[in-house]
>>> print(open('start_22.csv').read())   # CSV, C-alpha atoms and all ligand atoms
chain,number,residue,atom,x,y,z
A,1299,MET,CA,-14.4,-25.0,-4.0
A,1300,VAL,CA,-12.0,-22.5,-5.5
A,1301,PHE,CA,-11.7,-18.8,-4.4
A,1302,SER,CA,-12.1,-16.0,-6.8
A,1303,SER,CA,-11.7,-12.3,-6.3
A,1304,GLN,CA,-15.5,-12.0,-6.2
A,1305,THR,CA,-15.6,-14.7,-3.4
A,1306,ILE,CA,-13.1,-12.8,-1.4
A,1307,HIS,CA,-15.1,-9.6,-1.9
A,1308,GLN,CA,-18.2,-11.3,-0.6
A,1309,LEU,CA,-16.5,-12.9,2.3
A,1310,LEU,CA,-15.0,-9.6,3.4
A,1311,SER,CA,-18.3,-7.9,3.3
A,1312,GLN,CA,-19.9,-10.7,5.3
A,1313,SER,CA,-17.2,-11.2,7.9
A,1314,SER,CA,-16.9,-8.0,9.9
A,1315,GLU,CA,-18.5,-9.7,13.0
A,1316,GLN,CA,-16.1,-12.6,12.8
A,1317,ARG,CA,-13.1,-10.4,12.3
A,1318,GLN,CA,-14.1,-8.4,15.4
A,1319,ALA,CA,-14.6,-11.7,17.3
A,1320,LEU,CA,-11.2,-12.8,16.2
A,1321,ARG,CA,-9.6,-9.6,17.7
A,1322,GLN,CA,-11.4,-10.3,21.0
A,1323,VAL,CA,-10.1,-13.9,21.1
A,1324,TYR,CA,-6.6,-12.7,20.5
A,1325,GLY,CA,-7.1,-10.5,23.5
A,1326,ARG,CA,-7.2,-13.7,25.7
A,1327,LEU,CA,-3.5,-14.2,24.9
A,1328,PRO,CA,-1.0,-12.3,27.1
A,1329,THR,CA,1.0,-9.3,25.8
A,1330,THR,CA,4.6,-10.5,25.2
A,1331,ARG,CA,8.1,-9.0,24.8
A,1332,CYS,CA,10.6,-10.8,22.7
A,1333,ARG,CA,14.3,-10.3,23.0
A,1334,ARG,CA,14.9,-11.8,19.5
A,1335,ARG,CA,12.4,-9.6,17.8
A,1336,THR,CA,11.4,-11.0,14.4
A,1337,LEU,CA,14.3,-13.5,14.2
A,1338,CYS,CA,11.7,-16.2,14.2
A,1339,CYS,CA,9.8,-14.7,11.2
A,1340,SER,CA,11.4,-17.0,8.6
A,1341,LEU,CA,8.1,-18.7,7.7
A,1342,LEU,CA,4.7,-17.5,6.9
A,1343,PRO,CA,2.6,-19.3,9.5
A,1344,GLU,CA,-0.4,-21.4,8.7
A,1345,MET,CA,-3.7,-19.7,9.5
A,1346,THR,CA,-7.4,-20.1,9.4
A,1347,LEU,CA,-9.6,-18.4,6.8
A,1348,VAL,CA,-10.9,-15.7,9.2
A,1349,GLU,CA,-7.3,-14.8,10.0
A,1350,ALA,CA,-6.5,-14.6,6.3
A,1351,LEU,CA,-9.5,-12.4,5.7
A,1352,SER,CA,-8.5,-10.0,8.5
A,1353,VAL,CA,-5.1,-9.6,6.8
A,1354,ILE,CA,-6.6,-9.3,3.3
A,1355,GLN,CA,-8.8,-6.5,4.6
A,1356,LEU,CA,-5.7,-4.8,5.9
A,1357,LEU,CA,-4.1,-5.2,2.5
A,1358,ALA,CA,-7.2,-3.8,0.8
A,1359,ASN,CA,-6.9,-0.6,3.0
A,1360,MET,CA,-3.2,-0.1,2.3
A,1361,THR,CA,-1.8,2.4,-0.2
A,1362,THR,CA,-1.3,1.1,-3.7
A,1363,PRO,CA,2.6,0.9,-3.5
A,1364,ASN,CA,2.3,-1.2,-0.3
A,1365,GLN,CA,-0.4,-3.4,-1.8
A,1366,ILE,CA,1.9,-4.1,-4.8
A,1367,LYS,CA,4.9,-4.6,-2.6
A,1368,LEU,CA,3.2,-7.1,-0.3
A,1369,SER,CA,1.4,-8.9,-3.2
A,1370,ARG,CA,4.8,-9.4,-4.9
A,1371,GLY,CA,6.3,-10.6,-1.6
A,1372,LEU,CA,3.5,-13.1,-1.0
A,1373,VAL,CA,3.7,-14.5,-4.6
A,1374,HIS,CA,7.5,-14.6,-4.4
A,1375,TYR,CA,7.3,-16.5,-1.1
A,1376,PHE,CA,4.9,-19.0,-2.6
A,1377,PHE,CA,7.2,-19.8,-5.6
A,1378,LEU,CA,10.4,-20.0,-3.5
A,1379,ASN,CA,9.4,-21.6,-0.2
A,1380,ALA,CA,10.3,-25.1,-1.5
A,1381,VAL,CA,13.8,-24.1,-2.4
A,1382,GLU,CA,14.9,-21.6,0.1
A,1383,ILE,CA,14.1,-20.3,3.6
A,1384,ALA,CA,12.9,-16.8,2.8
A,1385,PHE,CA,11.6,-14.4,5.4
A,1386,CYS,CA,7.9,-14.0,6.0
A,1387,PRO,CA,6.5,-11.6,3.4
A,1388,PHE,CA,5.1,-9.3,6.1
A,1389,LEU,CA,8.5,-8.7,7.6
A,1390,ASP,CA,10.0,-5.3,6.7
A,1391,GLY,CA,13.4,-4.8,8.1
A,1392,ASP,CA,13.0,-5.8,11.8
A,1393,ALA,CA,9.3,-4.9,11.9
A,1394,CYS,CA,6.1,-6.8,11.2
A,1395,LEU,CA,3.9,-4.8,8.9
A,1396,ILE,CA,0.7,-6.4,10.3
A,1397,TYR,CA,1.9,-6.8,13.9
A,1398,ALA,CA,-1.3,-5.8,15.6
A,1399,ASP,CA,-3.2,-8.3,13.4
A,1400,ARG,CA,-0.6,-11.0,13.2
A,1401,PHE,CA,-1.8,-14.6,13.2
A,1402,PHE,CA,-2.4,-17.0,16.1
A,1403,GLY,CA,0.8,-18.9,15.1
A,1404,CYS,CA,2.9,-15.8,15.5
A,1405,ARG,CA,1.3,-14.9,18.9
A,1406,ALA,CA,1.6,-18.4,20.3
A,1407,TYR,CA,5.2,-19.0,19.3
A,1408,GLY,CA,7.3,-18.9,22.4
A,1409,LEU,CA,4.3,-19.5,24.7
A,1410,TRP,CA,4.0,-23.3,24.2
A,1411,SER,CA,5.7,-25.7,26.5
A,1412,ARG,CA,8.8,-27.2,25.0
A,1413,ARG,CA,7.2,-30.7,25.0
A,1414,TYR,CA,4.1,-29.6,23.1
A,1415,TYR,CA,6.2,-27.5,20.7
A,1416,GLU,CA,8.5,-30.4,19.9
A,1417,GLU,CA,5.4,-32.6,19.2
A,1418,GLN,CA,4.2,-29.9,16.7
A,1419,VAL,CA,7.6,-29.8,15.1
A,1420,ALA,CA,7.5,-33.6,14.7
A,1421,ARG,CA,4.1,-33.4,12.9
A,1422,SER,CA,5.4,-30.6,10.7
A,1423,ARG,CA,8.5,-32.5,9.8
A,1424,GLU,CA,6.4,-35.5,8.8
A,1425,ALA,CA,4.2,-33.4,6.5
A,1426,LYS,CA,7.3,-31.8,4.9
A,1427,ARG,CA,8.8,-35.2,4.2
A,1428,LEU,CA,5.6,-36.3,2.5
A,1429,ASN,CA,5.7,-33.1,0.4
A,1430,GLN,CA,9.3,-33.9,-0.5
A,1431,GLN,CA,8.3,-37.3,-1.7
A,1432,GLN,CA,5.6,-35.8,-3.9
A,1433,TRP,CA,8.2,-33.5,-5.5
A,1434,GLU,CA,10.6,-36.5,-5.9
A,1435,GLY,CA,7.7,-38.3,-7.8
A,1436,LEU,CA,7.8,-35.4,-10.2
A,1437,GLY,CA,11.6,-35.7,-10.7
A,1438,VAL,CA,12.6,-32.8,-8.5
A,1439,SER,CA,14.8,-33.2,-5.4
A,1440,LEU,CA,14.2,-30.4,-2.9
A,1441,PRO,CA,17.2,-29.1,-0.9
A,1442,GLN,CA,17.4,-31.2,2.3
A,1443,ALA,CA,18.2,-28.2,4.4
A,1444,VAL,CA,14.9,-26.5,3.4
A,1445,VAL,CA,12.9,-29.7,3.9
A,1446,ASP,CA,14.4,-30.1,7.4
A,1447,PHE,CA,14.2,-26.5,8.4
A,1448,GLN,CA,12.1,-25.9,11.6
A,1449,LEU,CA,12.0,-22.9,13.8
A,1450,PRO,CA,13.8,-23.9,17.1
A,1451,TYR,CA,11.9,-23.8,20.4
A,1452,CYS,CA,12.0,-20.2,21.7
A,1453,SER,CA,12.6,-19.5,25.4
A,1454,GLN,CA,13.2,-15.7,24.8
A,1455,VAL,CA,9.5,-14.6,24.8
A,1456,GLU,CA,8.6,-12.9,28.1
A,1457,ILE,CA,5.0,-12.4,29.2
A,1458,GLU,CA,4.2,-8.9,30.4
A,1459,GLY,CA,2.6,-8.6,33.9
A,1460,ASP,CA,1.7,-11.4,36.2
A,1461,VAL,CA,-0.1,-13.6,33.7
A,1462,ARG,CA,0.2,-17.3,33.1
A,1463,ILE,CA,-0.8,-19.3,30.1
A,1464,ASP,CA,-0.4,-23.0,29.5
A,1465,ASP,CA,-0.8,-25.3,26.5
A,1466,GLN,CA,-4.4,-26.1,27.3
A,1467,GLU,CA,-5.4,-22.4,27.3
A,1468,LEU,CA,-3.6,-21.9,24.0
A,1469,LEU,CA,-5.4,-24.8,22.5
A,1470,ASN,CA,-8.7,-23.4,23.8
A,1471,VAL,CA,-7.9,-20.1,22.1
A,1472,LEU,CA,-7.0,-21.9,18.9
A,1473,ASP,CA,-10.3,-23.9,19.1
A,1474,THR,CA,-12.2,-20.6,19.4
A,1475,VAL,CA,-10.4,-19.2,16.4
A,1476,GLU,CA,-11.3,-22.4,14.5
A,1477,THR,CA,-14.9,-22.1,15.5
A,1478,ILE,CA,-15.2,-18.5,14.3
A,1479,SER,CA,-13.5,-19.4,11.0
A,1480,GLY,CA,-15.8,-22.5,10.8
A,1481,GLN,CA,-18.8,-20.2,10.4
A,1482,PHE,CA,-17.6,-19.8,6.8
A,1483,GLU,CA,-18.2,-23.6,6.5
A,1484,ALA,CA,-17.2,-24.9,3.1
A,1485,TRP,CA,-14.9,-21.9,2.4
A,1486,HIS,CA,-13.2,-22.5,5.8
A,1487,LEU,CA,-12.6,-26.1,4.8
A,1488,SER,CA,-11.5,-25.3,1.3
A,1489,PHE,CA,-8.9,-22.8,2.5
A,1490,ARG,CA,-7.5,-25.5,4.8
A,1491,GLN,CA,-7.7,-28.5,2.4
A,1492,ARG,CA,-7.1,-27.1,-1.0
A,1493,TYR,CA,-4.9,-24.1,-0.1
A,1494,PHE,CA,-3.1,-25.8,2.9
A,1495,SER,CA,-4.0,-22.8,5.1
A,1496,ASP,CA,-1.5,-20.8,3.1
A,1497,LEU,CA,-2.2,-17.1,2.2
A,1498,SER,CA,0.6,-17.1,-0.3
A,1499,PHE,CA,-1.0,-20.0,-2.2
A,1500,LEU,CA,-4.4,-18.3,-2.1
A,1501,LEU,CA,-2.9,-15.0,-3.5
A,1502,ALA,CA,-0.9,-16.9,-6.2
A,1503,SER,CA,-4.1,-18.8,-7.2
A,1504,LEU,CA,-6.2,-15.6,-7.3
A,1505,THR,CA,-3.6,-14.1,-9.6
A,1506,PHE,CA,-2.8,-16.9,-12.0
A,1507,GLY,CA,-5.5,-19.5,-11.3
A,1508,MET,CA,-4.8,-22.5,-9.1
A,1509,ALA,CA,-3.6,-24.9,-11.7
A,1510,GLU,CA,-1.4,-22.3,-13.4
A,1511,ALA,CA,0.0,-21.2,-10.0
A,1512,VAL,CA,1.0,-24.8,-9.3
A,1513,ARG,CA,2.5,-25.3,-12.8
A,1514,LEU,CA,4.5,-22.0,-12.5
A,1515,LYS,CA,5.8,-23.0,-9.1
A,1516,PHE,CA,6.9,-26.4,-10.3
A,1517,GLU,CA,8.7,-24.9,-13.3
A,1518,THR,CA,10.3,-22.1,-11.2
A,1519,VAL,CA,11.6,-24.6,-8.7
A,1520,ARG,CA,12.9,-26.9,-11.4
A,1521,ASP,CA,14.6,-24.0,-13.2
A,1522,ILE,CA,16.3,-22.8,-10.0
A,1523,LEU,CA,17.5,-26.2,-9.0
A,1524,SER,CA,18.8,-27.2,-12.4
A,1525,THR,CA,20.1,-24.0,-13.8
A,1526,GLY,CA,19.9,-21.4,-11.0
A,1527,LYS,CA,17.7,-19.2,-13.3
A,1528,ARG,CA,14.9,-17.1,-11.9
A,1529,ASP,CA,13.7,-15.4,-15.1
A,1530,ARG,CA,10.3,-17.1,-15.0
A,1531,LEU,CA,9.7,-15.9,-11.4
A,1532,ALA,CA,10.9,-12.3,-12.1
A,1533,GLU,CA,8.5,-12.2,-15.1
A,1534,ALA,CA,5.5,-13.5,-13.2
A,1535,VAL,CA,6.0,-11.2,-10.2
A,1536,GLU,CA,6.8,-8.1,-12.4
A,1537,GLY,CA,3.5,-8.4,-14.3
A,1538,LEU,CA,1.2,-8.9,-11.2
A,1539,PRO,CA,-2.1,-7.1,-11.3
A,1540,ASN,CA,-3.2,-5.3,-8.1
A,1541,LEU,CA,-5.9,-7.6,-6.8
A,1542,TRP,CA,-6.7,-5.5,-3.8
A,1543,MET,CA,-7.7,-2.2,-5.4
A,1544,GLY,CA,-11.4,-3.2,-5.8
A,1545,LEU,CA,-11.7,-4.6,-2.3
A,1546,ARG,CA,-11.8,-1.5,-0.2
B,1601,LIG,S1,3.1,-12.2,10.3
B,1601,LIG,FE1,4.6,-10.8,11.3
B,1601,LIG,S2,5.0,-11.7,13.3
B,1601,LIG,FE2,4.1,-13.3,12.0
B,1601,LIG,S3,5.8,-14.4,11.1
B,1601,LIG,FE3,5.2,-12.7,9.6
B,1601,LIG,S4,6.5,-10.9,10.1
B,1601,LIG,FE4,6.6,-12.4,11.9
>>> encode(input="start_22.csv", output="structure tokens")
Amino acid sequence: MVFSSQTIHQLLSQSSEQRQALRQVYGRLPTTRCRRRTLCCSLLPEMTLVEALSVIQLLANMTTPNQIKLSRGLVHYFFLNAVEIAFCPFLDGDACLIYADRFFGCRAYGLWSRRYYEEQVARSREAKRLNQQQWEGLGVSLPQAVVDFQLPYCSQVEIEGDVRIDDQELLNVLDTVETISGQFEAWHLSFRQRYFSDLSFLLASLTFGMAEAVRLKFETVRDILSTGKRDRLAEAVEGLPNLWMGLR
């Protein structure tokens, strides 16, 4: 199943209860203070469909200049994330533009135990190496530093108040988020399996069509690695339609 703007429109109109439930679940996580504010925001986190819909609704309610800026940032991120470590498209200076609605991955970073975090990193590293092999099969060698990049374990996040949270409770919260998102059944699975839980891929696919988005990404990455040229990317991003206008 492939998302269209109409699908997103329908899912938004049918999901207010789930988006409200998501906010309540997030409330089970402690309020935190971070001494390295936003330094960890180098990657757009993976997310569930209901989390993506919550942020899409925010985008739909933004002013047109902000919609265009964030859409370009997300598409830019999608095309470039195989060749460079860019910042998360929602980062603006040292502030997160969607902080109150940021994803579970952002909220939980710094709360996991070191052991559990390192296990997650090992799984992610494995997935990135498989992705690297697929690119190799197409004749493109991705920069090793980008393939190997992982956010380091963070011990700088402080929980406010006398609250404790452990890996099991974080996993319980994540399970609940998954259950809420799972109410969208096939769409929830499609977002995970076909779009790799990646909002930037969803947006690029809505804009160009899925096959064309993948083709453009491949050509952009190949151009950058072989000649350093970014003309194709600049052209694609410059001409982006504003997808969010009709979604308010
Ligand atoms: S959504 Fe916000 S908090 Fe999460 S990685 Fe992006 S900028 Fe950082």
>>> residues_around(input="start_22.csv", residues="segment 1405-1407 of chain A", least_positions_apart="5", cutoff="9 Å", atoms="all atoms listed in the file", output="PyMOL selection string")
chain A and resi 1324+1327-1330+1338+1400+1415+1451-1452+1455+1468
>>> residues_near_point(input="start_22.csv", point="(-1.6, -18.2, 6.6)", cutoff="6 Å", atoms="all atoms listed in the file", output="MDAnalysis selection string")
chainID A and resid 1343:1345 1495:1497
>>> residues_near_ligand(input="start_22.csv", ligand="ligand LIG 1601 (chain B)", cutoff="10 Å", atoms="all atoms listed in the file", output="mmCIF file with C-alpha atoms, keeping the file's coordinate frame")
data_model
loop_
_atom_site.group_PDB
_atom_site.id
_atom_site.type_symbol
_atom_site.label_atom_id
_atom_site.label_comp_id
_atom_site.auth_asym_id
_atom_site.auth_seq_id
_atom_site.Cartn_x
_atom_site.Cartn_y
_atom_site.Cartn_z
ATOM 1 C CA ARG A 1335 12.400 -9.600 17.800
ATOM 2 C CA THR A 1336 11.400 -11.000 14.400
ATOM 3 C CA LEU A 1337 14.300 -13.500 14.200
ATOM 4 C CA CYS A 1338 11.700 -16.200 14.200
ATOM 5 C CA CYS A 1339 9.800 -14.700 11.200
ATOM 6 C CA SER A 1340 11.400 -17.000 8.600
ATOM 7 C CA LEU A 1341 8.100 -18.700 7.700
ATOM 8 C CA LEU A 1342 4.700 -17.500 6.900
ATOM 9 C CA PRO A 1343 2.600 -19.300 9.500
ATOM 10 C CA GLU A 1344 -0.400 -21.400 8.700
ATOM 11 C CA VAL A 1353 -5.100 -9.600 6.800
ATOM 12 C CA PHE A 1385 11.600 -14.400 5.400
ATOM 13 C CA CYS A 1386 7.900 -14.000 6.000
ATOM 14 C CA PRO A 1387 6.500 -11.600 3.400
ATOM 15 C CA PHE A 1388 5.100 -9.300 6.100
ATOM 16 C CA LEU A 1389 8.500 -8.700 7.600
ATOM 17 C CA ASP A 1390 10.000 -5.300 6.700
ATOM 18 C CA GLY A 1391 13.400 -4.800 8.100
ATOM 19 C CA ASP A 1392 13.000 -5.800 11.800
ATOM 20 C CA ALA A 1393 9.300 -4.900 11.900
ATOM 21 C CA CYS A 1394 6.100 -6.800 11.200
ATOM 22 C CA LEU A 1395 3.900 -4.800 8.900
ATOM 23 C CA ILE A 1396 0.700 -6.400 10.300
ATOM 24 C CA TYR A 1397 1.900 -6.800 13.900
ATOM 25 C CA ALA A 1398 -1.300 -5.800 15.600
ATOM 26 C CA ASP A 1399 -3.200 -8.300 13.400
ATOM 27 C CA ARG A 1400 -0.600 -11.000 13.200
ATOM 28 C CA PHE A 1401 -1.800 -14.600 13.200
ATOM 29 C CA PHE A 1402 -2.400 -17.000 16.100
ATOM 30 C CA GLY A 1403 0.800 -18.900 15.100
ATOM 31 C CA CYS A 1404 2.900 -15.800 15.500
ATOM 32 C CA ARG A 1405 1.300 -14.900 18.900
ATOM 33 C CA TYR A 1407 5.200 -19.000 19.300
#
>>> residues_near_point(input="start_22.csv", point="(3.3, -5.5, -4.1)", cutoff="12 Å", atoms="all atoms listed in the file", output="PDB file with C-alpha atoms, in the frame of the given file")
ATOM      1  CA  LEU A1357      -4.100  -5.200   2.500  1.00  0.00           C
ATOM      2  CA  ALA A1358      -7.200  -3.800   0.800  1.00  0.00           C
ATOM      3  CA  MET A1360      -3.200  -0.100   2.300  1.00  0.00           C
ATOM      4  CA  THR A1361      -1.800   2.400  -0.200  1.00  0.00           C
ATOM      5  CA  THR A1362      -1.300   1.100  -3.700  1.00  0.00           C
ATOM      6  CA  PRO A1363       2.600   0.900  -3.500  1.00  0.00           C
ATOM      7  CA  ASN A1364       2.300  -1.200  -0.300  1.00  0.00           C
ATOM      8  CA  GLN A1365      -0.400  -3.400  -1.800  1.00  0.00           C
ATOM      9  CA  ILE A1366       1.900  -4.100  -4.800  1.00  0.00           C
ATOM     10  CA  LYS A1367       4.900  -4.600  -2.600  1.00  0.00           C
ATOM     11  CA  LEU A1368       3.200  -7.100  -0.300  1.00  0.00           C
ATOM     12  CA  SER A1369       1.400  -8.900  -3.200  1.00  0.00           C
ATOM     13  CA  ARG A1370       4.800  -9.400  -4.900  1.00  0.00           C
ATOM     14  CA  GLY A1371       6.300 -10.600  -1.600  1.00  0.00           C
ATOM     15  CA  LEU A1372       3.500 -13.100  -1.000  1.00  0.00           C
ATOM     16  CA  VAL A1373       3.700 -14.500  -4.600  1.00  0.00           C
ATOM     17  CA  HIS A1374       7.500 -14.600  -4.400  1.00  0.00           C
ATOM     18  CA  PRO A1387       6.500 -11.600   3.400  1.00  0.00           C
ATOM     19  CA  PHE A1388       5.100  -9.300   6.100  1.00  0.00           C
ATOM     20  CA  LEU A1501      -2.900 -15.000  -3.500  1.00  0.00           C
ATOM     21  CA  VAL A1535       6.000 -11.200 -10.200  1.00  0.00           C
ATOM     22  CA  GLU A1536       6.800  -8.100 -12.400  1.00  0.00           C
ATOM     23  CA  GLY A1537       3.500  -8.400 -14.300  1.00  0.00           C
ATOM     24  CA  LEU A1538       1.200  -8.900 -11.200  1.00  0.00           C
ATOM     25  CA  PRO A1539      -2.100  -7.100 -11.300  1.00  0.00           C
ATOM     26  CA  ASN A1540      -3.200  -5.300  -8.100  1.00  0.00           C
ATOM     27  CA  LEU A1541      -5.900  -7.600  -6.800  1.00  0.00           C
ATOM     28  CA  TRP A1542      -6.700  -5.500  -3.800  1.00  0.00           C
ATOM     29  CA  MET A1543      -7.700  -2.200  -5.400  1.00  0.00           C
TER      30      MET A1543
END
>>> closest_residue(input="start_22.csv", among="A:Val1461, A:Ala1532, A:Arg1520, A:Gln1481", to="Gln1312 of chain A", atoms="all atoms listed in the file")
A:Gln1481
>>> residues_around(input="start_22.csv", residues="Ala1380 of chain A", least_positions_apart="5", cutoff="12 Å", atoms="only C-alpha atoms", output="PDB file with C-alpha atoms, in the frame of the given file")
ATOM      1  CA  LEU A1341       8.100 -18.700   7.700  1.00  0.00           C
ATOM      2  CA  HIS A1374       7.500 -14.600  -4.400  1.00  0.00           C
ATOM      3  CA  TYR A1375       7.300 -16.500  -1.100  1.00  0.00           C
ATOM      4  CA  LYS A1426       7.300 -31.800   4.900  1.00  0.00           C
ATOM      5  CA  ARG A1427       8.800 -35.200   4.200  1.00  0.00           C
ATOM      6  CA  ASN A1429       5.700 -33.100   0.400  1.00  0.00           C
ATOM      7  CA  GLN A1430       9.300 -33.900  -0.500  1.00  0.00           C
ATOM      8  CA  GLN A1432       5.600 -35.800  -3.900  1.00  0.00           C
ATOM      9  CA  TRP A1433       8.200 -33.500  -5.500  1.00  0.00           C
ATOM     10  CA  VAL A1438      12.600 -32.800  -8.500  1.00  0.00           C
ATOM     11  CA  SER A1439      14.800 -33.200  -5.400  1.00  0.00           C
ATOM     12  CA  LEU A1440      14.200 -30.400  -2.900  1.00  0.00           C
ATOM     13  CA  PRO A1441      17.200 -29.100  -0.900  1.00  0.00           C
ATOM     14  CA  GLN A1442      17.400 -31.200   2.300  1.00  0.00           C
ATOM     15  CA  ALA A1443      18.200 -28.200   4.400  1.00  0.00           C
ATOM     16  CA  VAL A1444      14.900 -26.500   3.400  1.00  0.00           C
ATOM     17  CA  VAL A1445      12.900 -29.700   3.900  1.00  0.00           C
ATOM     18  CA  ASP A1446      14.400 -30.100   7.400  1.00  0.00           C
ATOM     19  CA  PHE A1447      14.200 -26.500   8.400  1.00  0.00           C
ATOM     20  CA  LYS A1515       5.800 -23.000  -9.100  1.00  0.00           C
ATOM     21  CA  PHE A1516       6.900 -26.400 -10.300  1.00  0.00           C
ATOM     22  CA  GLU A1517       8.700 -24.900 -13.300  1.00  0.00           C
ATOM     23  CA  THR A1518      10.300 -22.100 -11.200  1.00  0.00           C
ATOM     24  CA  VAL A1519      11.600 -24.600  -8.700  1.00  0.00           C
ATOM     25  CA  ARG A1520      12.900 -26.900 -11.400  1.00  0.00           C
ATOM     26  CA  ILE A1522      16.300 -22.800 -10.000  1.00  0.00           C
ATOM     27  CA  LEU A1523      17.500 -26.200  -9.000  1.00  0.00           C
TER      28      LEU A1523
END
>>> closest_residue(input="start_22.csv", among="A:Ile1478, A:Leu1409, A:Ala1350, A:Ala1502", to="Glu1456 of chain A", atoms="only C-alpha atoms")
A:Leu1409
>>> closest_residue(input="start_22.csv", among="A:Ser1524, A:Asn1379, A:Thr1474, A:Gln1418", to="Gly1437 of chain A", atoms="all atoms listed in the file")
A:Ser1524
>>> closest_residue(input="start_22.csv", among="A:Val1512, A:Val1323, A:Ile1306, A:Ala1534", to="Trp1485 of chain A", atoms="all atoms listed in the file")
A:Ile1306
>>> atom_distance(input="start_22.csv", atom1="atom CA of Asp1464 of chain A", atom2="atom CA of Gln1316 of chain A")
25.2 Å
>>> atom_distance(input="start_22.csv", atom1="atom CA of Gln1308 of chain A", atom2="atom CA of Glu1349 of chain A")
15.6 Å
>>> atom_distance(input="start_22.csv", atom1="atom CA of Glu1434 of chain A", atom2="atom CA of Ser1503 of chain A")
23.0 Å
>>> closest_residue(input="start_22.csv", among="A:His1307, A:Arg1421, A:Arg1331, A:Arg1528", to="Gly1408 of chain A", atoms="only C-alpha atoms")
A:Arg1331
>>> closest_residue(input="start_22.csv", among="A:Leu1472, A:Ala1319, A:Ile1457, A:Leu1487", to="Cys1332 of chain A", atoms="all atoms listed in the file")
A:Ile1457
